[in-house]
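Printed here is coords-v8.pdb (PDB, C-alpha atoms):
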```pdb
ATOM      1  CA  MET A  18     -66.229  91.100 155.484
ATOM      2  CA  ILE A  19     -64.536  89.172 152.703
ATOM      3  CA  LEU A  20     -60.865  88.492 153.350
ATOM      4  CA  TRP A  21     -59.285  87.681 149.991
ATOM      5  CA  LEU A  22     -55.904  86.000 150.346
ATOM      6  CA  ASN A  23     -54.038  86.509 147.093
ATOM      7  CA  GLY A  24     -50.549  85.437 146.120
ATOM      8  CA  SER A  25     -48.649  83.070 143.864
ATOM      9  CA  PHE A  26     -49.364  79.367 143.873
ATOM     10  CA  GLY A  27     -47.473  77.973 146.843
ATOM     11  CA  ALA A  28     -47.614  81.181 148.871
ATOM     12  CA  GLY A  29     -49.559  79.456 151.648
ATOM     13  CA  LYS A  30     -53.007  80.918 151.021
ATOM     14  CA  THR A  31     -55.030  77.796 151.781
ATOM     15  CA  THR A  32     -53.074  76.916 154.921
ATOM     16  CA  VAL A  33     -53.371  80.462 156.250
ATOM     17  CA  ALA A  34     -57.080  80.579 155.386
ATOM     18  CA  HIS A  35     -57.865  77.476 157.424
ATOM     19  CA  GLU A  36     -55.667  78.629 160.300
ATOM     20  CA  LEU A  37     -57.493  81.964 160.332
ATOM     21  CA  GLN A  38     -60.805  80.121 160.403
ATOM     22  CA  LYS A  39     -59.715  78.382 163.602
ATOM     23  CA  ARG A  40     -58.585  81.631 165.223
ATOM     24  CA  LEU A  41     -61.541  83.871 164.343
ATOM     25  CA  GLU A  42     -64.803  83.938 166.269
ATOM     26  CA  LYS A  43     -66.889  83.193 163.197
ATOM     27  CA  ALA A  44     -65.361  82.511 159.794
ATOM     28  CA  PHE A  45     -66.037  80.489 156.652
ATOM     29  CA  VAL A  46     -63.466  79.416 154.049
ATOM     30  CA  TYR A  47     -64.844  79.883 150.550
ATOM     31  CA  ASP A  48     -62.732  78.254 147.832
ATOM     32  CA  PRO A  49     -63.254  79.874 144.397
ATOM     33  CA  GLU A  50     -61.360  76.986 142.795
ATOM     34  CA  ASN A  51     -64.298  74.663 143.436
ATOM     35  CA  ILE A  52     -66.370  76.554 140.871
ATOM     36  CA  GLY A  53     -63.660  75.917 138.289
ATOM     37  CA  TYR A  54     -63.623  72.191 138.940
ATOM     38  CA  PHE A  55     -67.421  72.129 138.822
ATOM     39  CA  LEU A  56     -67.427  73.824 135.423
ATOM     40  CA  ARG A  57     -64.797  71.440 134.064
ATOM     41  CA  LYS A  58     -66.720  68.416 135.270
ATOM     42  CA  ASN A  59     -70.075  69.612 133.972
ATOM     43  CA  ALA A  60     -69.151  71.077 130.597
ATOM     44  CA  PRO A  61     -68.119  69.365 127.346
ATOM     45  CA  GLU A  62     -64.442  69.342 126.488
ATOM     46  CA  GLU A  63     -64.948  71.949 123.756
ATOM     47  CA  CYS A  64     -66.021  74.472 126.388
ATOM     48  CA  ARG A  65     -63.012  73.996 128.636
ATOM     49  CA  THR A  66     -59.905  76.175 128.864
ATOM     50  CA  PRO A  67     -56.483  75.354 130.362
ATOM     51  CA  ASP A  68     -57.155  77.997 133.028
ATOM     52  CA  PHE A  69     -60.752  78.001 134.233
ATOM     53  CA  GLN A  70     -60.403  81.647 135.261
ATOM     54  CA  ASP A  71     -60.578  82.437 131.527
ATOM     55  CA  VAL A  72     -64.227  81.326 131.533
ATOM     56  CA  PRO A  73     -66.339  84.448 132.197
ATOM     57  CA  LEU A  74     -68.895  82.315 134.019
ATOM     58  CA  TRP A  75     -66.266  81.389 136.618
ATOM     59  CA  ARG A  76     -65.695  85.044 137.425
ATOM     60  CA  ASP A  77     -69.401  85.899 137.425
ATOM     61  CA  PHE A  78     -70.305  82.899 139.558
ATOM     62  CA  ASN A  79     -67.709  83.716 142.205
ATOM     63  CA  TYR A  80     -68.671  87.381 142.276
ATOM     64  CA  GLU A  81     -72.385  86.597 142.650
ATOM     65  CA  THR A  82     -71.835  83.858 145.206
ATOM     66  CA  LEU A  83     -69.511  85.938 147.367
ATOM     67  CA  LYS A  84     -71.890  88.888 147.227
ATOM     68  CA  TRP A  85     -74.760  86.636 148.294
ATOM     69  CA  ILE A  86     -72.818  85.062 151.169
ATOM     70  CA  ALA A  87     -71.528  88.444 152.346
ATOM     71  CA  GLY A  88     -75.106  89.741 152.491
ATOM     72  CA  THR A  89     -76.274  86.737 154.503
ATOM     73  CA  TYR A  90     -73.434  85.395 156.619
ATOM     74  CA  PRO A  91     -72.533  87.409 159.756
ATOM     75  CA  GLY A  92     -68.913  86.264 159.943
ATOM     76  CA  VAL A  93     -65.700  86.651 157.958
ATOM     77  CA  ILE A  94     -65.560  84.985 154.536
ATOM     78  CA  ILE A  95     -62.014  83.891 153.702
ATOM     79  CA  ALA A  96     -61.264  83.364 150.009
ATOM     80  CA  PRO A  97     -57.801  81.932 149.241
ATOM     81  CA  MET A  98     -57.248  82.307 145.498
ATOM     82  CA  THR A  99     -54.608  83.551 143.101
ATOM     83  CA  LEU A 100     -55.872  86.427 140.958
ATOM     84  CA  ASN A 101     -53.014  87.670 138.794
ATOM     85  CA  ARG A 102     -54.811  89.433 135.939
ATOM     86  CA  GLY A 103     -56.072  92.973 136.278
ATOM     87  CA  GLN A 104     -59.310  92.356 134.410
ATOM     88  CA  TYR A 105     -60.217  89.305 136.494
ATOM     89  CA  PHE A 106     -59.261  91.098 139.712
ATOM     90  CA  ASP A 107     -61.565  93.977 138.796
ATOM     91  CA  GLU A 108     -64.424  91.683 137.772
ATOM     92  CA  ILE A 109     -64.517  90.009 141.170
ATOM     93  CA  ILE A 110     -62.841  92.057 143.893
ATOM     94  CA  GLY A 111     -63.343  95.399 142.153
ATOM     95  CA  ARG A 112     -67.070  94.751 141.595
ATOM     96  CA  LEU A 113     -67.574  93.625 145.182
ATOM     97  CA  LYS A 114     -65.944  96.797 146.483
ATOM     98  CA  LYS A 115     -68.031  98.973 144.147
ATOM     99  CA  ASP A 116     -71.135  97.260 145.480
ATOM    100  CA  GLY A 117     -70.170  98.297 149.000
ATOM    101  CA  VAL A 118     -69.098  94.842 150.148
ATOM    102  CA  PRO A 119     -66.251  95.166 152.677
ATOM    103  CA  VAL A 120     -63.199  93.426 151.200
ATOM    104  CA  CYS A 121     -59.790  93.164 152.818
ATOM    105  CA  HIS A 122     -57.348  92.092 150.106
ATOM    106  CA  VAL A 123     -53.952  90.779 151.185
ATOM    107  CA  ILE A 124     -51.110  89.463 149.033
ATOM    108  CA  LEU A 125     -49.003  86.714 150.560
ATOM    109  CA  TRP A 126     -45.633  87.327 148.957
ATOM    110  CA  ALA A 127     -42.766  84.872 148.655
ATOM    111  CA  GLY A 128     -39.722  84.597 146.411
ATOM    112  CA  ARG A 129     -39.417  82.098 143.584
ATOM    113  CA  GLU A 130     -37.209  79.642 145.489
ATOM    114  CA  THR A 131     -39.547  79.637 148.467
ATOM    115  CA  LEU A 132     -42.535  79.066 146.209
ATOM    116  CA  LEU A 133     -40.852  76.143 144.436
ATOM    117  CA  LYS A 134     -39.948  74.575 147.782
ATOM    118  CA  ARG A 135     -43.524  74.872 149.006
ATOM    119  CA  LEU A 136     -44.988  73.513 145.772
ATOM    120  CA  LYS A 137     -42.682  70.514 146.033
ATOM    121  CA  LYS A 138     -43.904  69.911 149.573
ATOM    122  CA  ARG A 139     -47.515  70.354 148.493
ATOM    123  CA  SER A 140     -47.108  67.785 145.732
ATOM    124  CA  LEU A 141     -45.408  65.360 148.146
ATOM    125  CA  GLY A 142     -42.153  65.673 146.209
ATOM    126  CA  ARG A 143     -43.695  65.247 142.766
ATOM    127  CA  LEU A 144     -43.149  68.764 141.419
ATOM    128  CA  PRO A 145     -44.078  67.877 137.791
ATOM    129  CA  ARG A 146     -47.675  67.593 139.030
ATOM    130  CA  GLU A 147     -47.497  71.317 139.761
ATOM    131  CA  GLU A 148     -46.502  72.330 136.214
ATOM    132  CA  PHE A 149     -49.344  74.864 135.873
ATOM    133  CA  ALA A 150     -48.446  76.471 139.212
ATOM    134  CA  VAL A 151     -44.713  76.587 138.427
ATOM    135  CA  GLN A 152     -45.300  78.186 135.040
ATOM    136  CA  ALA A 153     -47.491  80.868 136.665
ATOM    137  CA  ILE A 154     -44.891  81.986 139.223
ATOM    138  CA  GLU A 155     -43.196  84.713 137.159
ATOM    139  CA  LYS A 156     -46.489  86.093 135.891
ATOM    140  CA  SER A 157     -47.863  86.244 139.417
ATOM    141  CA  LEU A 158     -44.766  87.864 140.899
ATOM    142  CA  ASP A 159     -44.758  90.502 138.146
ATOM    143  CA  PHE A 160     -48.458  91.253 138.678
ATOM    144  CA  PHE A 161     -48.152  91.632 142.453
ATOM    145  CA  ALA A 162     -44.953  93.676 142.194
ATOM    146  CA  ALA A 163     -46.813  96.130 139.962
ATOM    147  CA  ARG A 164     -49.448  96.752 142.662
ATOM    148  CA  PRO A 165     -47.566  98.813 145.274
ATOM    149  CA  GLU A 166     -50.836 100.053 146.753
ATOM    150  CA  GLU A 167     -51.836  96.555 147.852
ATOM    151  CA  GLU A 168     -50.817  95.132 151.222
ATOM    152  CA  LYS A 169     -48.070  92.532 150.837
ATOM    153  CA  ILE A 170     -46.987  90.251 153.633
ATOM    154  CA  VAL A 171     -43.551  88.815 152.884
ATOM    155  CA  THR A 172     -43.789  85.224 154.089
ATOM    156  CA  ASP A 173     -40.400  83.705 153.162
ATOM    157  CA  ASP A 174     -39.043  83.781 156.713
ATOM    158  CA  LEU A 175     -42.312  83.798 158.653
ATOM    159  CA  THR A 176     -44.016  80.893 160.366
ATOM    160  CA  VAL A 177     -47.648  80.141 159.537
ATOM    161  CA  ASP A 178     -48.683  81.594 162.893
ATOM    162  CA  GLN A 179     -46.803  84.819 162.177
ATOM    163  CA  VAL A 180     -48.500  85.159 158.781
ATOM    164  CA  VAL A 181     -51.909  84.558 160.365
ATOM    165  CA  GLU A 182     -51.246  87.271 162.933
ATOM    166  CA  ALA A 183     -50.026  89.717 160.288
ATOM    167  CA  VAL A 184     -53.102  89.186 158.109
ATOM    168  CA  ALA A 185     -55.452  89.564 161.075
ATOM    169  CA  LYS A 186     -53.710  92.751 162.195
ATOM    170  CA  HIS A 187     -53.901  94.287 158.715
ATOM    171  CA  CYS A 188     -57.626  93.533 158.424
ATOM    172  CA  GLY A 189     -58.414  94.573 161.989
ATOM    173  CA  LEU A 190     -59.612  91.127 163.036
ATOM    174  CA  PRO A 191     -59.214  89.982 166.655
ATOM    175  CA  LEU A 192     -57.813  86.477 166.997
ATOM    176  CA  LYS A 193     -58.768  83.922 169.610
ATOM    177  CA  GLU A 194     -55.994  82.316 171.620
ATOM    178  CA  ASP A 195     -54.724  79.175 169.927
ATOM    179  CA  ARG A 196     -54.793  76.431 172.558
ATOM    180  CA  ARG A 197     -53.785  73.593 170.234
ATOM    181  CA  THR A 198     -50.652  71.603 170.896
ATOM    182  CA  ARG A 199     -47.844  71.614 168.352
ATOM    183  CA  LEU A 200     -48.864  68.113 167.308
ATOM    184  CA  ARG A 201     -52.494  69.127 166.856
ATOM    185  CA  LYS A 202     -51.462  72.066 164.673
ATOM    186  CA  SER A 203     -49.254  69.817 162.569
ATOM    187  CA  LEU A 204     -52.071  67.298 162.095
ATOM    188  CA  ASP A 205     -54.571  70.034 161.201
ATOM    189  CA  ARG A 206     -52.235  71.533 158.609
ATOM    190  CA  GLY A 207     -51.373  68.139 157.183
ATOM    191  CA  LYS A 208     -55.049  67.395 156.745
ATOM    192  CA  VAL A 209     -55.577  70.639 154.839
ATOM    193  CA  LEU A 210     -52.580  69.833 152.621
ATOM    194  CA  LEU A 211     -53.901  66.372 151.766
ATOM    195  CA  GLU A 212     -57.433  67.620 151.129
ATOM    196  CA  HIS A 213     -56.168  70.173 148.604
ATOM    197  CA  ILE A 214     -53.929  67.939 146.508
ATOM    198  CA  ARG A 215     -55.552  68.042 143.074
ATOM    199  CA  GLY A 216     -55.420  65.212 140.565
TER
END
```

How does this structure look as structure tokens?
Amino acid sequence: MILWLNGSFGAGKTTVAHELQKRLEKAFVYDPENIGYFLRKNAPEECRTPDFQDVPLWRDFNYETLKWIAGTYPGVIIAPMTLNRGQYFDEIIGRLKKDGVPVCHVILWAGRETLLKRLKKRSLGRLPREEFAVQAIEKSLDFFAARPEEEKIVTDDLTVDQVVEAVAKHCGLPLKEDRRTRLRKSLDRGKVLLEHIRG
């Protein structure tokens, strides 16, 4: 199964993905963003776009790679990535579903103020570094609000553990008991935060 965690930038997708990985029997976190950074690094400037999702190759590469992993890997593949355009959503998630690949798509929803607070934390207080993410908030919220058929987990007042449990319940995934101390959890989540600070 592919578990696609969607939502606005700052919704907590990456944190929840790595927490789910620790709580599931067998799970792998696949980050579609890495393909975008690879393309930027390995293509001339004239080929680049402000948003790497606008490059058709990014969408094709992620679709093909996820399909390949899903056909080979016996565990849950967790993909934390914002997809807020109908065409791009259909070209990846829609195609996977049409091909018979089991996909559980969940939107982590949060209000604008919550998202801004989380982005500030993610950037270690330097919110201007998150300009692209901030500018995408309204577009993302509008896109997700227009998809009433999709599962939305409202995360504003939930702890990370509560979000993890809600996602697992929606996708029918049994969770292992979390035996980590509060300190260990905090260290694990801090490590994920630091590893995913871009630029």

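Atom to atom, CA of Ser203 in chain A and CA of Gln179 in chain A stand 15.2 Å apart.
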
Could you list, with a cut-off of 10 Å and counting only C-alpha atoms, the residues of range 52-168 of chain A near range 18-41 of chain A, each shown with its nearest atom pair and the distance in Å rounded to one decimal, rows sorted by chain and ascending number, as JSON lines?
```
{"residue": "A:Leu83", "atom": "CA", "partner": "A:Ile19", "partner_atom": "CA", "distance": 8.0}
{"residue": "A:Lys84", "atom": "CA", "partner": "A:Ile19", "partner_atom": "CA", "distance": 9.2}
{"residue": "A:Ile86", "atom": "CA", "partner": "A:Ile19", "partner_atom": "CA", "distance": 9.4}
{"residue": "A:Ala87", "atom": "CA", "partner": "A:Met18", "partner_atom": "CA", "distance": 6.7}
{"residue": "A:Gly88", "atom": "CA", "partner": "A:Met18", "partner_atom": "CA", "distance": 9.5}
{"residue": "A:Tyr90", "atom": "CA", "partner": "A:Met18", "partner_atom": "CA", "distance": 9.3}
{"residue": "A:Pro91", "atom": "CA", "partner": "A:Met18", "partner_atom": "CA", "distance": 8.5}
{"residue": "A:Gly92", "atom": "CA", "partner": "A:Met18", "partner_atom": "CA", "distance": 7.1}
{"residue": "A:Val93", "atom": "CA", "partner": "A:Met18", "partner_atom": "CA", "distance": 5.1}
{"residue": "A:Ile94", "atom": "CA", "partner": "A:Ile19", "partner_atom": "CA", "distance": 4.7}
{"residue": "A:Ile95", "atom": "CA", "partner": "A:Leu20", "partner_atom": "CA", "distance": 4.8}
{"residue": "A:Ala96", "atom": "CA", "partner": "A:Trp21", "partner_atom": "CA", "distance": 4.7}
{"residue": "A:Pro97", "atom": "CA", "partner": "A:Leu22", "partner_atom": "CA", "distance": 4.6}
{"residue": "A:Met98", "atom": "CA", "partner": "A:Asn23", "partner_atom": "CA", "distance": 5.5}
{"residue": "A:Thr99", "atom": "CA", "partner": "A:Asn23", "partner_atom": "CA", "distance": 5.0}
{"residue": "A:Leu100", "atom": "CA", "partner": "A:Asn23", "partner_atom": "CA", "distance": 6.4}
{"residue": "A:Asn101", "atom": "CA", "partner": "A:Gly24", "partner_atom": "CA", "distance": 8.0}
{"residue": "A:Ile110", "atom": "CA", "partner": "A:Trp21", "partner_atom": "CA", "distance": 8.3}
{"residue": "A:Leu113", "atom": "CA", "partner": "A:Ile19", "partner_atom": "CA", "distance": 9.3}
{"residue": "A:Lys114", "atom": "CA", "partner": "A:Ile19", "partner_atom": "CA", "distance": 9.9}
{"residue": "A:Val118", "atom": "CA", "partner": "A:Met18", "partner_atom": "CA", "distance": 7.1}
{"residue": "A:Pro119", "atom": "CA", "partner": "A:Met18", "partner_atom": "CA", "distance": 4.9}
{"residue": "A:Val120", "atom": "CA", "partner": "A:Ile19", "partner_atom": "CA", "distance": 4.7}
{"residue": "A:Cys121", "atom": "CA", "partner": "A:Leu20", "partner_atom": "CA", "distance": 4.8}
{"residue": "A:His122", "atom": "CA", "partner": "A:Trp21", "partner_atom": "CA", "distance": 4.8}
{"residue": "A:Val123", "atom": "CA", "partner": "A:Leu22", "partner_atom": "CA", "distance": 5.2}
{"residue": "A:Ile124", "atom": "CA", "partner": "A:Asn23", "partner_atom": "CA", "distance": 4.6}
{"residue": "A:Leu125", "atom": "CA", "partner": "A:Gly24", "partner_atom": "CA", "distance": 4.9}
{"residue": "A:Trp126", "atom": "CA", "partner": "A:Gly24", "partner_atom": "CA", "distance": 6.0}
{"residue": "A:Ala127", "atom": "CA", "partner": "A:Ala28", "partner_atom": "CA", "distance": 6.1}
{"residue": "A:Gly128", "atom": "CA", "partner": "A:Ala28", "partner_atom": "CA", "distance": 8.9}
{"residue": "A:Arg129", "atom": "CA", "partner": "A:Ser25", "partner_atom": "CA", "distance": 9.3}
{"residue": "A:Thr131", "atom": "CA", "partner": "A:Ala28", "partner_atom": "CA", "distance": 8.2}
{"residue": "A:Leu132", "atom": "CA", "partner": "A:Gly27", "partner_atom": "CA", "distance": 5.1}
{"residue": "A:Leu133", "atom": "CA", "partner": "A:Gly27", "partner_atom": "CA", "distance": 7.3}
{"residue": "A:Lys134", "atom": "CA", "partner": "A:Gly27", "partner_atom": "CA", "distance": 8.3}
{"residue": "A:Arg135", "atom": "CA", "partner": "A:Gly27", "partner_atom": "CA", "distance": 5.5}
{"residue": "A:Leu136", "atom": "CA", "partner": "A:Gly27", "partner_atom": "CA", "distance": 5.2}
{"residue": "A:Lys137", "atom": "CA", "partner": "A:Gly27", "partner_atom": "CA", "distance": 8.9}
{"residue": "A:Lys138", "atom": "CA", "partner": "A:Gly27", "partner_atom": "CA", "distance": 9.2}
{"residue": "A:Arg139", "atom": "CA", "partner": "A:Gly27", "partner_atom": "CA", "distance": 7.8}
{"residue": "A:Glu147", "atom": "CA", "partner": "A:Phe26", "partner_atom": "CA", "distance": 9.2}
{"residue": "A:Phe149", "atom": "CA", "partner": "A:Phe26", "partner_atom": "CA", "distance": 9.2}
{"residue": "A:Ala150", "atom": "CA", "partner": "A:Phe26", "partner_atom": "CA", "distance": 5.6}
{"residue": "A:Val151", "atom": "CA", "partner": "A:Phe26", "partner_atom": "CA", "distance": 7.7}
{"residue": "A:Gln152", "atom": "CA", "partner": "A:Phe26", "partner_atom": "CA", "distance": 9.8}
{"residue": "A:Ala153", "atom": "CA", "partner": "A:Phe26", "partner_atom": "CA", "distance": 7.6}
{"residue": "A:Ile154", "atom": "CA", "partner": "A:Ser25", "partner_atom": "CA", "distance": 6.1}
{"residue": "A:Glu155", "atom": "CA", "partner": "A:Ser25", "partner_atom": "CA", "distance": 8.8}
{"residue": "A:Lys156", "atom": "CA", "partner": "A:Ser25", "partner_atom": "CA", "distance": 8.8}
{"residue": "A:Ser157", "atom": "CA", "partner": "A:Ser25", "partner_atom": "CA", "distance": 5.5}
{"residue": "A:Leu158", "atom": "CA", "partner": "A:Ser25", "partner_atom": "CA", "distance": 6.8}
{"residue": "A:Phe160", "atom": "CA", "partner": "A:Gly24", "partner_atom": "CA", "distance": 9.7}
{"residue": "A:Phe161", "atom": "CA", "partner": "A:Gly24", "partner_atom": "CA", "distance": 7.6}
```

Would you give me, as CSV, each residue of range 72-98 of chain A having an atom within 12 Å of an atom of range 57-66 of chain A, along with its shortest atom pair and that distance in Å to one decimal, using only C-alpha atoms and sorting by chain and residue number?
```
residue,atom,partner,partner_atom,distance
A:Val72,CA,A:Thr66,CA,7.2
A:Pro73,CA,A:Thr66,CA,11.0
A:Leu74,CA,A:Cys64,CA,11.3
A:Trp75,CA,A:Arg57,CA,10.4
```

Take the selection from the previous step and output its residues with C-alpha atoms, as a PDB file, keeping the file's coordinate frame.
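selection21.pdb written:
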```pdb
ATOM      1  CA  VAL A  72     -64.227  81.326 131.533  1.00  0.00           C
ATOM      2  CA  PRO A  73     -66.339  84.448 132.197  1.00  0.00           C
ATOM      3  CA  LEU A  74     -68.895  82.315 134.019  1.00  0.00           C
ATOM      4  CA  TRP A  75     -66.266  81.389 136.618  1.00  0.00           C
TER       5      TRP A  75
END
```

Legend entry - Residue nearest Val177 in chain A - candidates A:Asp159, A:Glu148, A:Arg206, A:Asn79, atoms counted: all atoms listed in the file: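 Nearest to Val177 in chain A: A:Arg206.
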
Inset, instruction - Using all atoms listed in the file, find the one residue out of A:Asp107, A:Glu167, A:Glu50, A:Glu81 that sits nearest to Asp68 in chain A. - result: A:Glu50

Legend entry - Closest of A:Val46, A:Lys169, A:Glu108, A:Gly103 to Phe78 in chain A - atom-to-atom distances counting all atoms listed in the file: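 Of the candidates, the smallest distance to Phe78 in chain A is held by A:Glu108.
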
Would you compute, for all listed atoms of range 106-125 of chain A, the axis-aligned bounding box grown by 6 Å on each side, and then report its centre and edge lengths in Å rounded to one decimal, as AutoDock Vina command-line options?
```
--center_x -60.1 --center_y 92.8 --center_z 145.3 --size_x 34.1 --size_y 24.3 --size_z 27.0
```

Inset, instruction - Can you work out the spacing between CA of Leu211 in chain A and CA of Gly53 in chain A in Å, to one decimal? - result: 19.2 Å

Inset, instruction - Could you tell me how far CA of Ile109 in chain A lies from CA of Lys208 in chain A, in Å and to one decimal? - result: 29.0 Å

Start from the incomplete input, build N, CA and C atoms for range 30-53 of chain A, and deliver everything as a PDB file, in the coordinates of the input.
```
ATOM      1  N   LYS A  30     -51.677  80.334 150.865  1.00  0.00           N
ATOM      2  CA  LYS A  30     -53.007  80.918 151.021  1.00  0.00           C
ATOM      3  C   LYS A  30     -54.000  79.975 151.711  1.00  0.00           C
ATOM      4  N   THR A  31     -54.045  78.735 151.244  1.00  0.00           N
ATOM      5  CA  THR A  31     -55.030  77.796 151.781  1.00  0.00           C
ATOM      6  C   THR A  31     -54.726  77.450 153.232  1.00  0.00           C
ATOM      7  N   THR A  32     -53.458  77.211 153.538  1.00  0.00           N
ATOM      8  CA  THR A  32     -53.074  76.916 154.921  1.00  0.00           C
ATOM      9  C   THR A  32     -53.432  78.071 155.841  1.00  0.00           C
ATOM     10  N   VAL A  33     -53.085  79.280 155.431  1.00  0.00           N
ATOM     11  CA  VAL A  33     -53.371  80.462 156.250  1.00  0.00           C
ATOM     12  C   VAL A  33     -54.876  80.661 156.392  1.00  0.00           C
ATOM     13  N   ALA A  34     -55.625  80.415 155.328  1.00  0.00           N
ATOM     14  CA  ALA A  34     -57.080  80.579 155.386  1.00  0.00           C
ATOM     15  C   ALA A  34     -57.690  79.677 156.446  1.00  0.00           C
ATOM     16  N   HIS A  35     -57.286  78.421 156.460  1.00  0.00           N
ATOM     17  CA  HIS A  35     -57.865  77.476 157.424  1.00  0.00           C
ATOM     18  C   HIS A  35     -57.367  77.738 158.841  1.00  0.00           C
ATOM     19  N   GLU A  36     -56.152  78.248 158.976  1.00  0.00           N
ATOM     20  CA  GLU A  36     -55.667  78.629 160.300  1.00  0.00           C
ATOM     21  C   GLU A  36     -56.429  79.858 160.821  1.00  0.00           C
ATOM     22  N   LEU A  37     -56.703  80.798 159.940  1.00  0.00           N
ATOM     23  CA  LEU A  37     -57.493  81.964 160.332  1.00  0.00           C
ATOM     24  C   LEU A  37     -58.894  81.543 160.770  1.00  0.00           C
ATOM     25  N   GLN A  38     -59.461  80.598 160.053  1.00  0.00           N
ATOM     26  CA  GLN A  38     -60.805  80.121 160.403  1.00  0.00           C
ATOM     27  C   GLN A  38     -60.838  79.594 161.839  1.00  0.00           C
ATOM     28  N   LYS A  39     -59.773  78.932 162.249  1.00  0.00           N
ATOM     29  CA  LYS A  39     -59.715  78.382 163.602  1.00  0.00           C
ATOM     30  C   LYS A  39     -59.506  79.463 164.657  1.00  0.00           C
ATOM     31  N   ARG A  40     -58.936  80.589 164.263  1.00  0.00           N
ATOM     32  CA  ARG A  40     -58.585  81.631 165.223  1.00  0.00           C
ATOM     33  C   ARG A  40     -59.588  82.772 165.287  1.00  0.00           C
ATOM     34  N   LEU A  41     -60.531  82.809 164.342  1.00  0.00           N
ATOM     35  CA  LEU A  41     -61.541  83.871 164.343  1.00  0.00           C
ATOM     36  C   LEU A  41     -62.823  83.376 164.997  1.00  0.00           C
ATOM     37  N   GLU A  42     -63.577  84.298 165.551  1.00  0.00           N
ATOM     38  CA  GLU A  42     -64.803  83.938 166.269  1.00  0.00           C
ATOM     39  C   GLU A  42     -65.808  83.258 165.353  1.00  0.00           C
ATOM     40  N   LYS A  43     -65.952  83.777 164.151  1.00  0.00           N
ATOM     41  CA  LYS A  43     -66.889  83.193 163.197  1.00  0.00           C
ATOM     42  C   LYS A  43     -66.340  83.436 161.802  1.00  0.00           C
ATOM     43  N   ALA A  44     -65.972  82.358 161.118  1.00  0.00           N
ATOM     44  CA  ALA A  44     -65.361  82.511 159.794  1.00  0.00           C
ATOM     45  C   ALA A  44     -65.677  81.298 158.941  1.00  0.00           C
ATOM     46  N   PHE A  45     -65.737  81.542 157.624  1.00  0.00           N
ATOM     47  CA  PHE A  45     -66.037  80.489 156.652  1.00  0.00           C
ATOM     48  C   PHE A  45     -65.018  80.574 155.526  1.00  0.00           C
ATOM     49  N   VAL A  46     -64.418  79.435 155.162  1.00  0.00           N
ATOM     50  CA  VAL A  46     -63.466  79.416 154.049  1.00  0.00           C
ATOM     51  C   VAL A  46     -64.227  79.090 152.772  1.00  0.00           C
ATOM     52  N   TYR A  47     -64.199  80.045 151.859  1.00  0.00           N
ATOM     53  CA  TYR A  47     -64.844  79.883 150.550  1.00  0.00           C
ATOM     54  C   TYR A  47     -63.753  79.686 149.514  1.00  0.00           C
ATOM     55  N   ASP A  48     -63.782  78.567 148.797  1.00  0.00           N
ATOM     56  CA  ASP A  48     -62.732  78.254 147.832  1.00  0.00           C
ATOM     57  C   ASP A  48     -63.224  78.495 146.402  1.00  0.00           C
ATOM     58  N   PRO A  49     -62.811  79.589 145.768  1.00  0.00           N
ATOM     59  CA  PRO A  49     -63.254  79.874 144.397  1.00  0.00           C
ATOM     60  C   PRO A  49     -62.847  78.808 143.388  1.00  0.00           C
ATOM     61  N   GLU A  50     -61.801  78.042 143.698  1.00  0.00           N
ATOM     62  CA  GLU A  50     -61.360  76.986 142.795  1.00  0.00           C
ATOM     63  C   GLU A  50     -62.454  75.953 142.548  1.00  0.00           C
ATOM     64  N   ASN A  51     -63.275  75.706 143.563  1.00  0.00           N
ATOM     65  CA  ASN A  51     -64.298  74.663 143.436  1.00  0.00           C
ATOM     66  C   ASN A  51     -65.255  74.931 142.277  1.00  0.00           C
ATOM     67  N   ILE A  52     -65.501  76.216 142.002  1.00  0.00           N
ATOM     68  CA  ILE A  52     -66.370  76.554 140.871  1.00  0.00           C
ATOM     69  C   ILE A  52     -65.706  76.138 139.562  1.00  0.00           C
ATOM     70  N   GLY A  53     -64.393  76.317 139.492  1.00  0.00           N
ATOM     71  CA  GLY A  53     -63.660  75.917 138.289  1.00  0.00           C
ATOM     72  C   GLY A  53     -63.728  74.431 138.048  1.00  0.00           C
TER      73      GLY A  53
END
```
